[in-house]
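Have a look at query_24.tsv below; it lists TSV, C-alpha atoms and all ligand atoms.
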chain	number	residue	atom	x	y	z
A	1	MET	CA	20.89	12.27	9.15
A	2	ARG	CA	21.08	10.06	6.05
A	3	PHE	CA	18.29	10.73	3.60
A	4	ALA	CA	17.05	9.67	0.15
A	5	ILE	CA	14.51	11.34	-2.11
A	6	VAL	CA	12.26	9.59	-4.65
A	7	GLU	CA	10.45	11.97	-7.02
A	8	ARG	CA	7.74	11.60	-9.65
A	9	ASN	CA	9.97	12.73	-12.48
A	10	ASP	CA	8.04	15.83	-13.44
A	11	GLU	CA	9.46	19.34	-13.53
A	12	ARG	CA	7.95	20.50	-10.24
A	13	SER	CA	8.93	17.39	-8.30
A	14	ARG	CA	12.47	17.49	-9.71
A	15	ALA	CA	12.87	21.17	-8.76
A	16	LEU	CA	11.62	20.45	-5.23
A	17	LYS	CA	14.02	17.53	-4.93
A	18	ASN	CA	16.97	19.74	-5.88
A	19	GLU	CA	15.90	22.44	-3.44
A	20	LEU	CA	15.34	20.01	-0.58
A	21	THR	CA	18.61	18.15	-1.22
A	22	SER	CA	20.58	21.38	-1.17
A	23	GLU	CA	18.83	22.66	2.00
A	24	LEU	CA	19.42	19.38	3.85
A	25	GLU	CA	23.05	19.10	2.71
A	26	GLN	CA	23.72	22.66	3.86
A	27	ARG	CA	22.61	21.53	7.30
A	28	GLY	CA	25.07	18.63	7.29
A	29	HIS	CA	22.68	15.84	6.25
A	30	VAL	CA	23.86	13.31	3.69
A	31	GLU	CA	22.12	11.74	0.71
A	32	SER	CA	22.60	7.98	1.09
A	33	LEU	CA	21.69	4.59	-0.31
A	34	ASN	CA	21.14	3.47	3.29
A	35	PRO	CA	18.86	6.27	4.40
A	36	GLU	CA	17.17	6.82	7.73
A	37	ILE	CA	14.55	9.04	6.09
A	38	VAL	CA	13.05	8.48	2.63
A	39	ILE	CA	11.19	11.48	1.23
A	40	SER	CA	8.79	10.95	-1.65
A	41	ILE	CA	7.87	13.95	-3.80
A	42	GLY	CA	4.90	13.48	-6.13
A	43	GLY	CA	1.76	11.58	-5.22
A	44	ASP	CA	0.66	8.32	-3.60
A	45	GLY	CA	2.10	6.40	-6.56
A	46	THR	CA	5.50	7.98	-5.82
A	47	MET	CA	5.23	6.85	-2.21
A	48	LEU	CA	4.47	3.31	-3.36
A	49	GLN	CA	7.57	3.52	-5.55
A	50	ALA	CA	9.67	4.85	-2.63
A	51	PHE	CA	8.42	2.04	-0.38
A	52	HIS	CA	9.34	-0.65	-2.91
A	53	THR	CA	12.71	0.95	-3.72
A	54	TYR	CA	13.77	0.70	-0.06
A	55	LEU	CA	11.78	-2.42	0.84
A	56	ASP	CA	14.90	-4.39	1.73
A	57	GLN	CA	15.62	-1.74	4.40
A	58	VAL	CA	12.02	-1.26	5.53
A	59	GLU	CA	12.84	-1.85	9.20
A	60	HIS	CA	15.39	0.97	9.21
A	61	ILE	CA	13.66	3.68	7.19
A	62	THR	CA	10.97	6.25	7.97
A	63	LEU	CA	8.92	7.62	5.07
A	64	VAL	CA	7.69	11.18	4.48
A	65	GLY	CA	5.52	12.31	1.56
A	66	ILE	CA	5.27	15.71	-0.15
A	67	HIS	CA	2.52	16.05	-2.74
A	68	THR	CA	3.02	18.04	-5.90
A	69	GLY	CA	-0.50	17.23	-7.13
A	70	HIS	CA	-3.64	16.86	-5.04
A	71	LEU	CA	-3.53	15.80	-1.38
A	72	GLY	CA	-2.34	12.23	-1.22
A	73	PHE	CA	-2.99	9.66	1.43
A	74	TYR	CA	0.67	9.02	1.98
A	75	ALA	CA	1.87	12.35	0.62
A	76	ASP	CA	0.38	14.93	2.95
A	77	TRP	CA	2.97	17.75	2.98
A	78	ARG	CA	2.43	20.68	0.62
A	79	PRO	CA	5.43	22.18	-1.24
A	80	GLU	CA	4.67	25.55	0.48
A	81	GLU	CA	5.36	23.87	3.83
A	82	MET	CA	8.90	22.84	2.89
A	83	LYS	CA	10.57	25.21	5.41
A	84	GLU	CA	8.55	23.72	8.26
A	85	LEU	CA	9.33	20.20	7.08
A	86	ILE	CA	13.08	20.95	6.83
A	87	HIS	CA	12.97	22.38	10.35
A	88	HIS	CA	11.42	19.14	11.68
A	89	LEU	CA	13.81	16.92	9.70
A	90	ASP	CA	16.83	18.96	10.79
A	91	GLY	CA	15.93	18.70	14.45
A	92	LYS	CA	14.80	15.08	14.06
A	93	GLN	CA	11.69	16.26	15.89
A	94	PHE	CA	9.23	13.59	14.93
A	95	GLU	CA	7.57	10.43	16.02
A	96	ALA	CA	6.90	7.53	13.69
A	97	VAL	CA	3.61	5.74	13.15
A	98	GLU	CA	3.66	2.15	11.96
A	99	TYR	CA	1.28	0.75	9.34
A	100	PRO	CA	0.60	-2.94	8.66
A	101	LEU	CA	1.69	-4.55	5.38
A	102	LEU	CA	0.27	-7.37	3.29
A	103	GLU	CA	2.36	-10.50	2.81
A	104	LEU	CA	1.69	-12.52	-0.30
A	105	LYS	CA	3.07	-16.01	-0.95
A	106	ILE	CA	2.72	-17.63	-4.34
A	107	ASP	CA	3.19	-21.39	-4.86
A	108	TYR	CA	3.85	-22.75	-8.33
A	109	ALA	CA	3.25	-26.25	-9.71
A	110	ASP	CA	7.01	-26.91	-10.03
A	111	GLY	CA	7.44	-26.38	-6.28
A	112	SER	CA	8.94	-22.89	-6.55
A	113	LYS	CA	7.67	-20.05	-4.39
A	114	ASN	CA	7.58	-16.28	-4.50
A	115	GLN	CA	6.99	-13.86	-1.64
A	116	LEU	CA	5.89	-10.24	-2.00
A	117	LEU	CA	4.96	-7.37	0.32
A	118	ALA	CA	2.40	-4.70	-0.50
A	119	LEU	CA	1.65	-1.36	1.12
A	120	ASN	CA	-1.78	-0.91	-0.53
A	121	GLU	CA	-3.08	-4.19	-1.93
A	122	CYS	CA	-2.81	-7.01	-4.39
A	123	THR	CA	-5.43	-7.97	-6.96
A	124	ILE	CA	-5.86	-11.45	-8.34
A	125	LYS	CA	-7.69	-12.06	-11.59
A	126	SER	CA	-7.67	-14.86	-14.09
A	127	PHE	CA	-6.09	-14.18	-17.44
A	128	ASN	CA	-8.85	-14.86	-19.96
A	129	GLN	CA	-11.75	-16.58	-18.23
A	130	THR	CA	-13.93	-16.37	-15.12
A	131	MET	CA	-11.76	-16.86	-12.08
A	132	VAL	CA	-12.84	-19.96	-10.16
A	133	CYS	CA	-10.95	-20.44	-6.92
A	134	ASP	CA	-11.38	-22.17	-3.61
A	135	LEU	CA	-10.83	-19.89	-0.64
A	136	SER	CA	-9.67	-21.34	2.66
A	137	ILE	CA	-9.33	-19.27	5.80
A	138	ARG	CA	-6.88	-20.57	8.40
A	139	GLY	CA	-6.83	-23.87	6.56
A	140	ASP	CA	-10.62	-24.37	6.54
A	141	TYR	CA	-12.52	-24.35	3.25
A	142	PHE	CA	-14.66	-21.20	3.11
A	143	GLU	CA	-16.15	-20.82	-0.39
A	144	THR	CA	-15.65	-21.31	-4.10
A	145	PHE	CA	-15.33	-17.87	-5.69
A	146	ARG	CA	-16.46	-17.30	-9.28
A	147	GLY	CA	-16.11	-13.88	-10.77
A	148	ASP	CA	-13.68	-11.27	-12.04
A	149	GLY	CA	-11.25	-11.43	-9.16
A	150	LEU	CA	-10.33	-10.52	-5.61
A	151	CYS	CA	-8.59	-7.57	-3.99
A	152	ILE	CA	-6.70	-8.05	-0.72
A	153	SER	CA	-5.78	-4.77	0.91
A	154	THR	CA	-3.98	-3.34	3.91
A	155	PRO	CA	-5.67	-0.79	6.21
A	156	SER	CA	-3.73	2.12	4.66
A	157	GLY	CA	-4.60	0.74	1.21
A	158	SER	CA	-8.29	0.47	2.14
A	159	THR	CA	-8.90	3.99	0.80
A	160	ALA	CA	-7.47	3.04	-2.63
A	161	TYR	CA	-8.68	0.24	-4.96
A	162	ASN	CA	-10.50	-1.46	-2.09
A	163	LYS	CA	-12.72	1.59	-1.60
A	164	ALA	CA	-13.68	1.60	-5.28
A	165	LEU	CA	-14.85	-2.02	-4.83
A	166	GLY	CA	-17.12	-1.10	-1.91
A	167	GLY	CA	-14.72	-2.26	0.79
A	168	ALA	CA	-14.63	-0.65	4.23
A	169	ILE	CA	-12.17	2.08	5.19
A	170	VAL	CA	-10.00	0.59	7.92
A	171	HIS	CA	-7.94	2.60	10.42
A	172	PRO	CA	-4.26	1.57	10.09
A	173	ALA	CA	-4.04	0.99	13.84
A	174	LEU	CA	-5.95	-2.25	13.14
A	175	GLU	CA	-3.61	-5.04	12.10
A	176	ALA	CA	-5.79	-6.63	9.47
A	177	ILE	CA	-6.20	-7.39	5.78
A	178	GLN	CA	-9.43	-7.01	3.84
A	179	ILE	CA	-10.75	-9.28	1.09
A	180	THR	CA	-13.09	-7.63	-1.43
A	181	GLU	CA	-14.76	-9.28	-4.38
A	182	MET	CA	-14.75	-8.09	-7.97
A	183	ALA	CA	-18.05	-8.91	-9.68
A	184	SER	CA	-18.73	-12.30	-8.10
A	185	ILE	CA	-21.27	-14.59	-9.78
A	186	ASN	CA	-24.14	-15.17	-7.38
A	187	ASN	CA	-27.25	-17.13	-8.32
A	188	ARG	CA	-29.05	-20.31	-7.27
A	189	VAL	CA	-26.09	-22.43	-8.31
A	190	TYR	CA	-23.07	-20.36	-7.35
A	191	ARG	CA	-22.67	-18.54	-4.06
A	192	THR	CA	-20.01	-16.37	-2.45
A	193	ILE	CA	-20.22	-14.45	0.80
A	194	GLY	CA	-20.63	-11.19	-1.15
A	195	SER	CA	-19.40	-8.95	1.68
A	196	PRO	CA	-15.91	-7.58	2.22
A	197	MET	CA	-14.16	-9.50	5.01
A	198	LEU	CA	-11.51	-8.41	7.48
A	199	LEU	CA	-8.97	-10.95	8.66
A	200	PRO	CA	-6.95	-10.24	11.80
A	201	LYS	CA	-3.26	-10.88	12.22
A	202	HIS	CA	-2.34	-14.59	12.24
A	203	HIS	CA	-5.31	-15.50	10.01
A	204	ASP	CA	-4.51	-16.25	6.42
A	205	VAL	CA	-6.53	-16.72	3.27
A	206	GLU	CA	-5.40	-19.26	0.71
A	207	ILE	CA	-6.70	-18.85	-2.83
A	208	ARG	CA	-6.43	-22.02	-4.91
A	209	PRO	CA	-7.53	-22.27	-8.57
A	210	VAL	CA	-10.06	-25.06	-9.09
A	211	ASN	CA	-8.77	-25.74	-12.61
A	212	PRO	CA	-5.31	-24.74	-13.78
A	213	ILE	CA	-5.51	-21.07	-14.77
A	214	ASP	CA	-3.04	-18.30	-15.37
A	215	PHE	CA	-3.39	-15.59	-12.74
A	216	GLN	CA	-3.03	-11.91	-13.45
A	217	LEU	CA	-1.55	-10.34	-10.39
A	218	THR	CA	-1.08	-6.70	-9.50
A	219	TYR	CA	0.37	-5.34	-6.30
A	220	ASP	CA	0.57	-1.67	-5.41
A	221	HIS	CA	1.65	0.28	-8.52
A	222	PHE	CA	3.07	-2.78	-10.26
A	223	ALA	CA	1.11	-3.50	-13.40
A	224	SER	CA	-0.63	-6.74	-14.10
A	225	ILE	CA	1.76	-9.64	-14.58
A	226	VAL	CA	0.64	-13.08	-15.69
A	227	HIS	CA	1.71	-15.84	-13.32
A	228	GLN	CA	1.51	-19.29	-14.89
A	229	ASN	CA	1.03	-22.63	-13.14
A	230	VAL	CA	0.06	-21.11	-9.79
A	231	THR	CA	-1.25	-23.65	-7.32
A	232	ALA	CA	-1.99	-21.27	-4.42
A	233	ILE	CA	-1.73	-17.65	-3.31
A	234	THR	CA	-1.71	-17.06	0.43
A	235	CYS	CA	-2.26	-13.63	1.99
A	236	ARG	CA	-1.79	-12.54	5.58
A	237	VAL	CA	-0.77	-9.53	7.67
A	238	SER	CA	3.01	-9.34	7.46
A	239	ASN	CA	5.22	-9.42	10.54
A	240	GLN	CA	6.99	-6.42	9.04
A	241	LYS	CA	5.58	-2.91	9.25
A	242	VAL	CA	6.32	0.36	7.53
A	243	LYS	CA	7.07	3.58	9.42
A	244	PHE	CA	5.82	7.02	8.48
A	245	ALA	CA	7.18	10.16	10.12
A	246	ARG	CA	4.61	12.11	12.10
A	247	PHE	CA	5.59	15.72	12.59
A	248	ARG	CA	2.19	17.11	13.46
A	249	SER	CA	-1.26	15.84	14.17
A	250	PHE	CA	-3.12	14.87	11.01
A	251	PRO	CA	-5.59	12.21	12.18
A	252	PHE	CA	-6.52	9.46	9.73
A	253	TRP	CA	-10.23	10.34	9.67
A	254	LYS	CA	-9.40	13.98	8.94
A	255	ARG	CA	-7.29	12.81	6.00
A	256	VAL	CA	-10.21	10.66	4.81
A	257	ARG	CA	-12.56	13.62	5.04
A	258	GLU	CA	-10.20	15.99	3.25
A	259	SER	CA	-9.46	13.46	0.52
A	260	PHE	CA	-12.98	12.31	-0.21
A	261	LEU	CA	-15.50	14.77	1.21
A	262	ALA	CA	-14.31	18.35	1.53
A	263	GLU	CA	-11.50	20.69	2.45
A	264	GLU	CA	-11.05	21.64	6.09
A	265	ARG	CA	-14.17	23.28	7.53
A	266	THR	CA	-13.65	26.98	7.99
B	301	LIG	P1	-2.70	5.82	-10.41
B	301	LIG	O1	-1.85	6.94	-10.85
B	301	LIG	O2	-3.74	5.29	-11.35
B	301	LIG	O3	-3.35	6.23	-8.98
B	301	LIG	C1	-4.55	5.87	-8.64
B	301	LIG	C2	-5.10	6.79	-7.54
B	301	LIG	O4	-5.05	6.05	-6.33
B	301	LIG	C3	-4.39	8.11	-7.28
B	301	LIG	O5	-5.36	9.13	-7.23
B	301	LIG	C4	-3.76	7.91	-5.90
B	301	LIG	O6	-3.69	9.11	-5.14
B	301	LIG	C5	-4.72	6.95	-5.29
B	301	LIG	N1	-4.18	6.18	-4.17
B	301	LIG	C6	-3.08	5.38	-4.15
B	301	LIG	N2	-2.92	4.87	-2.93
B	301	LIG	C7	-3.92	5.37	-2.17
B	301	LIG	C8	-4.31	5.17	-0.83
B	301	LIG	N3	-3.64	4.36	-0.02
B	301	LIG	N4	-5.43	5.81	-0.39
B	301	LIG	C9	-6.14	6.62	-1.20
B	301	LIG	N5	-5.83	6.84	-2.48
B	301	LIG	C10	-4.74	6.20	-2.96
B	301	LIG	O7	-1.82	4.59	-10.02
B	301	LIG	P2	-0.55	4.56	-9.11
B	301	LIG	O8	-0.13	5.95	-8.77
B	301	LIG	O9	0.42	3.65	-9.76
B	301	LIG	O10	-1.13	3.87	-7.80
B	301	LIG	C11	-1.41	2.50	-7.74
B	301	LIG	C12	-2.64	2.36	-6.91
B	301	LIG	O11	-3.75	2.75	-7.69
B	301	LIG	C13	-2.93	0.93	-6.53
B	301	LIG	O12	-2.27	0.55	-5.36
B	301	LIG	C14	-4.44	0.94	-6.39
B	301	LIG	O13	-4.85	1.09	-5.05
B	301	LIG	C15	-4.88	2.17	-7.13
B	301	LIG	N6	-5.86	1.77	-8.14
B	301	LIG	C16	-7.13	2.13	-7.93
B	301	LIG	C17	-8.11	1.71	-8.81
B	301	LIG	C18	-9.53	2.11	-8.54
B	301	LIG	O14	-9.77	2.87	-7.58
B	301	LIG	N7	-10.47	1.62	-9.32
B	301	LIG	C19	-7.79	0.94	-9.92
B	301	LIG	C20	-6.47	0.60	-10.10
B	301	LIG	C21	-5.50	1.00	-9.19

How would this structure read if it were set down as structure tokens?
Amino acid sequence: MRFAIVERNDERSRALKNELTSELEQRGHVESLNPEIVISIGGDGTMLQAFHTYLDQVEHITLVGIHTGHLGFYADWRPEEMKELIHHLDGKQFEAVEYPLLELKIDYADGSKNQLLALNECTIKSFNQTMVCDLSIRGDYFETFRGDGLCISTPSGSTAYNKALGGAIVHPALEAIQITEMASINNRVYRTIGSPMLLPKHHDVEIRPVNPIDFQLTYDHFASIVHQNVTAITCRVSNQKVKFARFRSFPFWKRVRESFLAEERT
């Protein structure tokens, strides 16, 4: 098996990477730039980094996450379970589950375009003023949004920034994206829907600035970048998916409970 490891660059994660590399190599597996398995060691941020590092090979890779901090959403193996994980990897005894991704297209005034994929979400804010944008869904005008910004998330990203904005937690078996508002202005003059909205596959949302503004855009762990002269940002469920290795049953709702409510009930 060809494998690659992305680690958080702290002492513990580095040590685990060295140990895991040596164990896998002893069993005849090869570290490769074209891996079949990508192992992230660190936290959810490390998994986001691993995903983006191998994005151009996303159809061919399967991701696995080991957490060296607290339980992560994507990083659910504990360092103490390394032997068990090596055993599964060695025997290739695993299934893969597929999670939907967010596709983001940006149109600029000069006619150029940019396309991005996100595993968690993107956020769109204006640079130094209230963001005023027209939202169209499937080509039909929906509303004029005024406020701090918008977050568009994937199901697996719904437990991240989206959750902090009051968005719903969405099971990743649902191929959807969620739009959540950041501090919308709502009064007798201005009105937005005010509720998070889920769009199914094949529906897109186009966000168009009413007056020329510079957008501040984040996606996944990538920090805010100013995009000038944007005419439209269009978000939809991507046709591409990401695969995570499933070695044992760890249902999504159990992960939600253990991450946000309490440890396993004894
Ligand atoms: P970070 O180190 O600030 O991590 C933020 C937290 O988000 C970590 O605790 C991480 O475990 C958690 N997280 C990431 N993805 C998750 C997911 N899918 N489900 C549940 N928790 C998740 O930043 P980072 O490591 O660079 O990660 C970037 C992510 O941080 C972004 O994708 C965004 O979702 C999240 N974020 C959250 C907020 C917020 O909740 N207010 C604000 C900014 C960014």

Check which residues fall inside 10 Å of ligand LIG 301 (chain B) when counting all atoms listed in the file, and print them as a PDB file with C-alpha atoms, keeping the file's coordinate frame.
ATOM      1  CA  ARG A   8       7.740  11.600  -9.650  1.00  0.00           C
ATOM      2  CA  GLY A  42       4.900  13.480  -6.130  1.00  0.00           C
ATOM      3  CA  GLY A  43       1.760  11.580  -5.220  1.00  0.00           C
ATOM      4  CA  ASP A  44       0.660   8.320  -3.600  1.00  0.00           C
ATOM      5  CA  GLY A  45       2.100   6.400  -6.560  1.00  0.00           C
ATOM      6  CA  THR A  46       5.500   7.980  -5.820  1.00  0.00           C
ATOM      7  CA  MET A  47       5.230   6.850  -2.210  1.00  0.00           C
ATOM      8  CA  LEU A  48       4.470   3.310  -3.360  1.00  0.00           C
ATOM      9  CA  GLN A  49       7.570   3.520  -5.550  1.00  0.00           C
ATOM     10  CA  HIS A  67       2.520  16.050  -2.740  1.00  0.00           C
ATOM     11  CA  GLY A  69      -0.500  17.230  -7.130  1.00  0.00           C
ATOM     12  CA  HIS A  70      -3.640  16.860  -5.040  1.00  0.00           C
ATOM     13  CA  LEU A  71      -3.530  15.800  -1.380  1.00  0.00           C
ATOM     14  CA  GLY A  72      -2.340  12.230  -1.220  1.00  0.00           C
ATOM     15  CA  PHE A  73      -2.990   9.660   1.430  1.00  0.00           C
ATOM     16  CA  TYR A  74       0.670   9.020   1.980  1.00  0.00           C
ATOM     17  CA  ALA A  75       1.870  12.350   0.620  1.00  0.00           C
ATOM     18  CA  ALA A 118       2.400  -4.700  -0.500  1.00  0.00           C
ATOM     19  CA  LEU A 119       1.650  -1.360   1.120  1.00  0.00           C
ATOM     20  CA  ASN A 120      -1.780  -0.910  -0.530  1.00  0.00           C
ATOM     21  CA  GLU A 121      -3.080  -4.190  -1.930  1.00  0.00           C
ATOM     22  CA  CYS A 122      -2.810  -7.010  -4.390  1.00  0.00           C
ATOM     23  CA  THR A 123      -5.430  -7.970  -6.960  1.00  0.00           C
ATOM     24  CA  CYS A 151      -8.590  -7.570  -3.990  1.00  0.00           C
ATOM     25  CA  SER A 153      -5.780  -4.770   0.910  1.00  0.00           C
ATOM     26  CA  THR A 154      -3.980  -3.340   3.910  1.00  0.00           C
ATOM     27  CA  PRO A 155      -5.670  -0.790   6.210  1.00  0.00           C
ATOM     28  CA  SER A 156      -3.730   2.120   4.660  1.00  0.00           C
ATOM     29  CA  GLY A 157      -4.600   0.740   1.210  1.00  0.00           C
ATOM     30  CA  SER A 158      -8.290   0.470   2.140  1.00  0.00           C
ATOM     31  CA  THR A 159      -8.900   3.990   0.800  1.00  0.00           C
ATOM     32  CA  ALA A 160      -7.470   3.040  -2.630  1.00  0.00           C
ATOM     33  CA  TYR A 161      -8.680   0.240  -4.960  1.00  0.00           C
ATOM     34  CA  ASN A 162     -10.500  -1.460  -2.090  1.00  0.00           C
ATOM     35  CA  LYS A 163     -12.720   1.590  -1.600  1.00  0.00           C
ATOM     36  CA  ALA A 164     -13.680   1.600  -5.280  1.00  0.00           C
ATOM     37  CA  LEU A 165     -14.850  -2.020  -4.830  1.00  0.00           C
ATOM     38  CA  ILE A 169     -12.170   2.080   5.190  1.00  0.00           C
ATOM     39  CA  THR A 218      -1.080  -6.700  -9.500  1.00  0.00           C
ATOM     40  CA  TYR A 219       0.370  -5.340  -6.300  1.00  0.00           C
ATOM     41  CA  ASP A 220       0.570  -1.670  -5.410  1.00  0.00           C
ATOM     42  CA  HIS A 221       1.650   0.280  -8.520  1.00  0.00           C
ATOM     43  CA  PHE A 222       3.070  -2.780 -10.260  1.00  0.00           C
ATOM     44  CA  ALA A 223       1.110  -3.500 -13.400  1.00  0.00           C
ATOM     45  CA  ARG A 255      -7.290  12.810   6.000  1.00  0.00           C
ATOM     46  CA  VAL A 256     -10.210  10.660   4.810  1.00  0.00           C
ATOM     47  CA  SER A 259      -9.460  13.460   0.520  1.00  0.00           C
ATOM     48  CA  PHE A 260     -12.980  12.310  -0.210  1.00  0.00           C
TER      49      PHE A 260
END

Test item: residues at most 7 Å from stretch 194-204 of chain A, all atoms listed in the file, excluding those fewer than 2 positions along its chain, as an mmCIF file with C-alpha atoms, keeping the file's coordinate frame:
data_model
loop_
_atom_site.group_PDB
_atom_site.id
_atom_site.type_symbol
_atom_site.label_atom_id
_atom_site.label_comp_id
_atom_site.auth_asym_id
_atom_site.auth_seq_id
_atom_site.Cartn_x
_atom_site.Cartn_y
_atom_site.Cartn_z
ATOM 1 C CA ILE A 137 -9.330 -19.270 5.800
ATOM 2 C CA ARG A 138 -6.880 -20.570 8.400
ATOM 3 C CA GLY A 167 -14.720 -2.260 0.790
ATOM 4 C CA GLU A 175 -3.610 -5.040 12.100
ATOM 5 C CA ALA A 176 -5.790 -6.630 9.470
ATOM 6 C CA ILE A 177 -6.200 -7.390 5.780
ATOM 7 C CA GLN A 178 -9.430 -7.010 3.840
ATOM 8 C CA ILE A 179 -10.750 -9.280 1.090
ATOM 9 C CA THR A 180 -13.090 -7.630 -1.430
ATOM 10 C CA GLU A 181 -14.760 -9.280 -4.380
ATOM 11 C CA THR A 192 -20.010 -16.370 -2.450
ATOM 12 C CA GLU A 206 -5.400 -19.260 0.710
ATOM 13 C CA THR A 234 -1.710 -17.060 0.430
ATOM 14 C CA CYS A 235 -2.260 -13.630 1.990
ATOM 15 C CA ARG A 236 -1.790 -12.540 5.580
ATOM 16 C CA VAL A 237 -0.770 -9.530 7.670
#

Quiz prompt | Residue among A:Ser32, A:Gln129, A:Asn187, A:Thr68 lying closest to A:Arg12, counting only C-alpha atoms | solution = A:Thr68

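Atom CA of A:Val242 lies 7.5 Å from atom CA of A:Thr62.
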
Practice problem: To one decimal in Å, tell me the separation between atom CA of A:Trp77 and atom CA of A:Leu174. | Solution: 24.1 Å

Self-check item: Two-atom distance - atom CA of A:Ala183, atom CA of A:Gly149 (Å)
Solution: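 Atom-to-atom, atom CA of A:Ala183 to atom CA of A:Gly149, that is 7.3 Å.
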
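Within a radius of 12 Å around (-5.5, 9.4, 13.0), the polymer residues are Phe73, Val97, Glu98, Tyr99, Ser156, Val170, His171, Pro172, Ala173, Leu174, Arg246, Arg248, Ser249, Phe250, Pro251, Phe252, Trp253, Lys254, Arg255, Val256 and Arg257 of chain A, counting all atoms listed in the file.
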
Exercise. Rank A:Arg78, A:Arg208, A:Lys241, A:His29 by their smallest atom-to-atom distance to A:Ile124, using all atoms listed in the file, and report the top residue only.
Key: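 Smallest distance to A:Ile124 is found for A:Arg208.
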
Practice problem: Write out as a PyMOL selection string the residues lying within 6 Å of A:Ile5, counting only C-alpha atoms and excluding same-chain residues fewer than 2 positions away. | Solution: chain A and resi 38-40

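Of the listed residues A:Ile213, A:Ala262, A:Ala109, A:Leu135, the one whose atoms come nearest to A:Thr231 is A:Ala109, with distances taken using all atoms listed in the file.
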
Exercise. Counting all atoms listed in the file, figure out which residue out of A:Arg14, A:Pro79, A:Asn229, A:Asp90 gets nearest to A:Gln26.
Key: A:Asp90

Exercise. Could you please give me, as number ranges by chain, the residues of protein, DNA or RNA lying at most 8 Å from (1.0, -12.8, 1.0) in the coordinate frame of the file, considering only C-alpha atoms?
Key: A: 102-106, 115-117, 233-238

Self-check item: Counting all atoms listed in the file, the residue of A:Ile37, A:Arg188, A:Ile86, A:Leu101 that sits nearest A:Leu20
Solution: A:Ile86

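Closest approach to A:Glu7 among A:Gly65, A:Pro100, A:Pro35, A:Gly28 is made by A:Gly65 (distances from all atoms listed in the file).
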
Quiz prompt | Surrounding residues of A:Ala245 excluding itself and chain neighbours under 4 positions, 6 Å, only C-alpha atoms, as a list in words | solution = Thr62, Leu63, Val64, Glu95 and Ala96 of chain A

Quiz prompt | All residues 7 Å or closer to A:Asp148, only C-alpha atoms, same chain fewer than 2 positions away omitted, as a ChimeraX atom specification | solution = /A:125,130-131,182-184

Can you take stretch 237-247 of chain A from the block and write N, CA, C and O atoms as a PDB file, in the first residue's frame?
ATOM      1  N   VAL A 237     -23.250  21.760  -4.208  1.00  0.00           N
ATOM      2  CA  VAL A 237     -22.639  20.487  -3.818  1.00  0.00           C
ATOM      3  C   VAL A 237     -21.754  20.054  -4.987  1.00  0.00           C
ATOM      4  O   VAL A 237     -22.200  20.057  -6.139  1.00  0.00           O
ATOM      5  N   SER A 238     -20.513  19.714  -4.686  1.00  0.00           N
ATOM      6  CA  SER A 238     -19.592  19.301  -5.744  1.00  0.00           C
ATOM      7  C   SER A 238     -19.955  17.912  -6.271  1.00  0.00           C
ATOM      8  O   SER A 238     -20.544  17.099  -5.553  1.00  0.00           O
ATOM      9  N   ASN A 239     -19.551  17.646  -7.507  1.00  0.00           N
ATOM     10  CA  ASN A 239     -19.704  16.285  -8.034  1.00  0.00           C
ATOM     11  C   ASN A 239     -18.648  15.359  -7.453  1.00  0.00           C
ATOM     12  O   ASN A 239     -18.768  14.142  -7.516  1.00  0.00           O
ATOM     13  N   GLN A 240     -17.585  15.970  -6.908  1.00  0.00           N
ATOM     14  CA  GLN A 240     -16.531  15.159  -6.291  1.00  0.00           C
ATOM     15  C   GLN A 240     -16.874  14.911  -4.825  1.00  0.00           C
ATOM     16  O   GLN A 240     -17.562  15.729  -4.197  1.00  0.00           O
ATOM     17  N   LYS A 241     -16.357  13.795  -4.305  1.00  0.00           N
ATOM     18  CA  LYS A 241     -16.572  13.488  -2.890  1.00  0.00           C
ATOM     19  C   LYS A 241     -15.231  13.150  -2.268  1.00  0.00           C
ATOM     20  O   LYS A 241     -14.267  12.911  -2.977  1.00  0.00           O
ATOM     21  N   VAL A 242     -15.203  13.102  -0.945  1.00  0.00           N
ATOM     22  CA  VAL A 242     -13.978  12.705  -0.279  1.00  0.00           C
ATOM     23  C   VAL A 242     -14.253  11.391   0.457  1.00  0.00           C
ATOM     24  O   VAL A 242     -15.363  11.183   0.958  1.00  0.00           O
ATOM     25  N   LYS A 243     -13.238  10.520   0.488  1.00  0.00           N
ATOM     26  CA  LYS A 243     -13.433   9.211   1.141  1.00  0.00           C
ATOM     27  C   LYS A 243     -12.679   9.162   2.476  1.00  0.00           C
ATOM     28  O   LYS A 243     -11.518   9.562   2.553  1.00  0.00           O
ATOM     29  N   PHE A 244     -13.362   8.657   3.482  1.00  0.00           N
ATOM     30  CA  PHE A 244     -12.725   8.404   4.771  1.00  0.00           C
ATOM     31  C   PHE A 244     -12.762   6.900   5.038  1.00  0.00           C
ATOM     32  O   PHE A 244     -13.785   6.251   4.787  1.00  0.00           O
ATOM     33  N   ALA A 245     -11.648   6.384   5.560  1.00  0.00           N
ATOM     34  CA  ALA A 245     -11.605   4.945   5.860  1.00  0.00           C
ATOM     35  C   ALA A 245     -12.470   4.670   7.082  1.00  0.00           C
ATOM     36  O   ALA A 245     -12.466   5.426   8.058  1.00  0.00           O
ATOM     37  N   ARG A 246     -13.222   3.594   7.012  1.00  0.00           N
ATOM     38  CA  ARG A 246     -14.035   3.185   8.166  1.00  0.00           C
ATOM     39  C   ARG A 246     -13.596   1.795   8.573  1.00  0.00           C
ATOM     40  O   ARG A 246     -13.821   0.836   7.860  1.00  0.00           O
ATOM     41  N   PHE A 247     -12.925   1.733   9.720  1.00  0.00           N
ATOM     42  CA  PHE A 247     -12.401   0.457  10.197  1.00  0.00           C
ATOM     43  C   PHE A 247     -13.337  -0.196  11.196  1.00  0.00           C
ATOM     44  O   PHE A 247     -13.279  -1.372  11.463  1.00  0.00           O
TER      45      PHE A 247
END
